[in-house]
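*Asks:* Below is the file run.txt, which contains compact mmCIF, C-alpha atoms.
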# COMPACT_ATOMS: atom_id res chain seq x y z
CA MET A 1 -101.01 -131.43 144.61
CA LYS A 2 -101.79 -129.13 141.68
CA ALA A 3 -100.45 -131.72 139.26
CA MET A 4 -102.74 -134.37 140.74
CA MET A 5 -105.77 -132.05 140.45
CA LEU A 6 -104.95 -131.24 136.81
CA LEU A 7 -104.49 -134.91 136.05
CA GLY A 8 -107.84 -135.66 137.68
CA TYR A 9 -109.60 -132.99 135.58
CA ALA A 10 -107.94 -134.32 132.43
CA VAL A 11 -109.00 -137.89 133.15
CA MET A 12 -112.58 -136.78 133.93
CA SER A 13 -112.73 -134.84 130.64
CA LEU A 14 -111.68 -137.78 128.44
CA PRO A 15 -115.18 -139.28 128.14
CA LEU A 16 -116.50 -135.93 126.87
CA PHE A 17 -113.83 -135.71 124.18
CA SER A 18 -114.33 -139.30 123.06
CA VAL A 19 -118.14 -138.88 122.81
CA GLN A 20 -117.66 -135.78 120.66
CA ALA A 21 -115.09 -137.59 118.49
CA VAL A 22 -117.46 -140.52 117.94
CA ARG A 23 -120.32 -138.17 117.02
CA ALA A 24 -118.12 -136.28 114.55
CA ALA A 25 -116.86 -139.49 112.98
CA THR A 26 -120.30 -141.06 112.57
CA GLN A 27 -122.18 -138.05 111.22
CA SER A 28 -121.59 -137.61 107.51
CA PRO A 29 -121.83 -134.01 106.35
CA ARG A 30 -125.09 -133.43 104.52
CA PRO A 31 -126.33 -130.43 102.62
CA VAL A 32 -129.69 -128.93 103.50
CA VAL A 33 -132.10 -128.75 100.56
CA GLU A 34 -134.93 -126.24 100.53
CA PRO A 35 -137.39 -127.37 97.87
CA GLY A 36 -138.38 -124.75 95.38
CA PHE A 37 -140.61 -125.87 92.55
CA VAL A 38 -140.84 -127.40 89.09
CA ARG A 39 -142.63 -125.72 86.21
CA PRO A 40 -145.55 -127.66 84.71
CA SER A 41 -144.76 -129.30 81.37
CA MET A 42 -146.22 -127.69 78.28
CA ALA A 43 -148.39 -129.72 75.90
CA GLY A 44 -146.22 -131.67 73.48
CA MET A 45 -143.01 -130.94 75.41
CA ASP A 46 -141.12 -133.56 77.42
CA MET A 47 -138.97 -131.15 79.40
CA THR A 48 -139.25 -128.53 82.10
CA ALA A 49 -137.11 -126.71 84.67
CA GLY A 50 -136.70 -127.13 88.43
CA TYR A 51 -135.53 -124.78 91.15
CA LEU A 52 -134.34 -125.19 94.75
CA THR A 53 -131.76 -123.95 97.26
CA ILE A 54 -128.87 -126.03 98.59
CA THR A 55 -127.14 -124.92 101.79
CA ASN A 56 -123.78 -126.41 102.71
CA SER A 57 -123.84 -126.41 106.51
CA THR A 58 -120.68 -128.54 106.65
CA ARG A 59 -117.05 -127.49 107.05
CA ALA A 60 -116.00 -128.86 103.67
CA VAL A 61 -116.73 -128.03 100.05
CA LEU A 62 -119.58 -130.17 98.70
CA ARG A 63 -119.80 -131.09 95.04
CA LEU A 64 -123.13 -131.72 93.34
CA THR A 65 -122.30 -134.34 90.71
CA GLY A 66 -125.73 -135.18 89.32
CA VAL A 67 -129.49 -135.17 89.71
CA SER A 68 -132.05 -137.87 88.93
CA SER A 69 -135.77 -138.55 89.21
CA PRO A 70 -138.06 -141.48 88.44
CA VAL A 71 -140.22 -139.16 86.27
CA ALA A 72 -137.43 -138.13 83.87
CA ALA A 73 -134.92 -139.85 81.63
CA LYS A 74 -132.30 -137.23 82.46
CA ILE A 75 -131.77 -134.15 84.61
CA GLU A 76 -128.94 -131.76 83.81
CA ILE A 77 -127.50 -128.96 85.92
CA HIS A 78 -127.65 -125.79 83.82
CA ASP A 79 -126.20 -122.33 84.27
CA SER A 80 -127.53 -119.30 82.39
CA ARG A 81 -125.39 -116.24 81.78
CA LEU A 82 -125.90 -112.95 80.00
CA GLU A 83 -123.32 -112.67 77.20
CA ASN A 84 -123.40 -109.71 74.79
CA GLY A 85 -127.05 -109.05 75.60
CA ILE A 86 -128.08 -112.68 75.02
CA VAL A 87 -128.89 -115.19 77.77
CA ARG A 88 -126.91 -118.36 77.10
CA MET A 89 -127.65 -121.65 78.83
CA ARG A 90 -125.01 -124.34 79.27
CA GLU A 91 -124.79 -127.70 81.01
CA VAL A 92 -122.48 -127.98 84.03
CA ASP A 93 -121.01 -131.42 84.84
CA SER A 94 -120.70 -130.72 88.56
CA PHE A 95 -121.10 -127.83 90.90
CA GLU A 96 -119.16 -126.93 94.05
CA ILE A 97 -120.80 -125.38 97.07
CA PRO A 98 -118.32 -123.77 99.49
CA ALA A 99 -118.53 -124.60 103.19
CA GLY A 100 -121.16 -122.49 104.93
CA ASP A 101 -122.54 -121.17 101.62
CA ALA A 102 -125.93 -121.50 99.94
CA VAL A 103 -126.63 -121.81 96.23
CA LYS A 104 -129.96 -120.92 94.67
CA PHE A 105 -131.29 -122.55 91.54
CA GLU A 106 -133.80 -120.00 90.24
CA PRO A 107 -135.47 -118.79 87.04
CA LYS A 108 -133.17 -117.03 84.54
CA SER A 109 -130.14 -118.38 86.38
CA ARG A 110 -128.82 -121.74 87.58
CA HIS A 111 -131.53 -124.42 87.26
CA LEU A 112 -132.28 -128.11 86.81
CA MET A 113 -133.19 -129.02 83.22
CA ILE A 114 -135.58 -131.97 83.53
CA MET A 115 -135.73 -133.88 80.22
CA GLY A 116 -137.42 -136.96 78.83
CA LEU A 117 -140.46 -136.65 81.08
CA LYS A 118 -142.28 -139.95 81.48
CA LYS A 119 -145.55 -138.21 82.29
CA GLU A 120 -147.11 -134.78 81.99
CA LEU A 121 -146.47 -132.57 85.02
CA LYS A 122 -149.46 -130.52 86.16
CA VAL A 123 -149.81 -127.84 88.82
CA GLY A 124 -150.37 -129.61 92.15
CA ASP A 125 -148.19 -132.64 91.28
CA THR A 126 -145.01 -133.38 93.23
CA ILE A 127 -141.90 -135.08 91.89
CA GLU A 128 -139.14 -136.93 93.72
CA VAL A 129 -135.60 -135.76 93.00
CA ASP A 130 -132.28 -137.27 94.10
CA LEU A 131 -129.34 -134.89 94.40
CA HIS A 132 -126.06 -136.78 94.03
CA PHE A 133 -123.07 -135.39 95.91
CA ASP A 134 -119.56 -136.88 96.13
CA LYS A 135 -120.33 -138.89 99.28
CA THR A 136 -124.08 -138.79 99.72
CA VAL A 137 -127.46 -138.64 97.99
CA VAL A 138 -130.12 -136.27 99.27
CA LYS A 139 -133.73 -137.02 98.38
CA THR A 140 -136.25 -134.21 98.12
CA GLU A 141 -139.66 -133.52 96.63
CA LEU A 142 -140.43 -130.59 94.40
CA PRO A 143 -144.00 -129.33 93.93
CA VAL A 144 -145.17 -128.42 90.43
CA LYS A 145 -146.16 -124.73 90.34
CA ASP A 146 -146.66 -121.97 87.78
For the file at hand, write its structure as structure tokens.
*Replies:*
Amino acid sequence: MKAMMLLGYAVMSLPLFSVQAVRAATQSPRPVVEPGFVRPSMAGMDMTAGYLTITNSTRAVLRLTGVSSPVAAKIEIHDSRLENGIVRMREVDSFEIPAGDAVKFEPKSRHLMIMGLKKELKVGDTIEVDLHFDKTVVKTELPVKD
């Protein structure tokens, strides 16, 4: 009798497990992007910097492989470090974000170097930015602020 009851509970639970399995299989892990801002471009300069926060709410490491925007010829991921009293900036080809972690792109640190601007960026403007990860692209908008 107990075996029959357990079998009945198991059979009744199968639809719940299969619904959860389908949901898990059809939802691709996506990072959460909190828009920061982009600095206005200076007269005569065709580059500026952008800042944001990326939170990896998935169970796997996410890798940011590139960034693009219709307003720029190129966007590089840069990291700044203090070496021997001098801040040195270098381009990073890709960037890993551990599962459950958040990464901030902020002034005097990691940032987006936006180059080859196709138009002047003024305070109050907004630019579209595509963040390219291994398996997905996340679109966001960054306001231009001082």
*Asks:* Could you state the separation of CA of Glu83 in chain A and CA of Val61 in chain A in Å, given to one decimal place?
*Replies:*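 Between CA of Glu83 in chain A and CA of Val61 in chain A the gap is 28.3 Å.
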*Asks:* Rank A:Ser94, A:Ser109, A:Thr140, A:Thr126 by their smallest atom-to-atom distance to Leu64 in chain A, using only C-alpha atoms, and report the top residue only.
*Replies:*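 Checking each of A:Ser94, A:Ser109, A:Thr140, A:Thr126 against Leu64 in chain A, counting only C-alpha atoms, the winner is A:Ser94.
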*Asks:* For CA of Val103 in chain A and CA of Lys119 in chain A, determine how far apart the two atoms are, in Å to one decimal place.
*Replies:*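 Between CA of Val103 in chain A and CA of Lys119 in chain A the gap works out to 28.7 Å.
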*Asks:* Calculated over all atoms listed in the file, which of the candidates A:Phe105, A:Phe37, A:Phe95, A:Phe133 has the smallest distance to Ser80 in chain A?
*Replies:*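 Comparing A:Phe105, A:Phe37, A:Phe95, A:Phe133 against Ser80 in chain A, the winner is A:Phe105.
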*Asks:* Return the single residue from A:Lys108, A:Arg88, A:Lys74, A:Lys118 that is closest to Asp46 in chain A, with distances computed using all atoms listed in the file.
*Replies:*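 Among the listed residues, the smallest separation from Asp46 in chain A belongs to A:Lys118.
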*Asks:* Compare A:Pro107, A:Pro40, A:Pro35, A:Gly116 by their minimum atom-to-atom distance to Val129 in chain A, counting only C-alpha atoms, and give me the closest one.
*Replies:*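 Among A:Pro107, A:Pro40, A:Pro35, A:Gly116, it is A:Pro35 that comes nearest to Val129 in chain A.
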*Asks:* What is the distance, in Å and to one decimal place, between CA of Arg59 in chain A and CA of Lys135 in chain A?
*Replies:* 14.2 Å
*Asks:* Which of these residues is nearest to Gly124 in chain A, using only C-alpha atoms: A:Met47, A:Val38, A:Val32, A:Ala60?
*Replies:*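 Closest to Gly124 in chain A, using only C-alpha atoms: A:Val38.
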*Asks:* Would you mind telling me which residue in A:Ile54, A:Ala102, A:Val137, A:Val144 lies nearest to Leu121 in chain A when using all atoms listed in the file?
*Replies:*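 Of the candidates, the smallest distance to Leu121 in chain A is held by A:Val144.
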*Asks:* Need the neighbours of (-130.8, -129.4, 82.0): which residues are at most 12 Å away, counting all atoms listed in the file, as number ranges by chain?
*Replies:* A: 47-51, 66-68, 72-80, 89-93, 105, 109-116
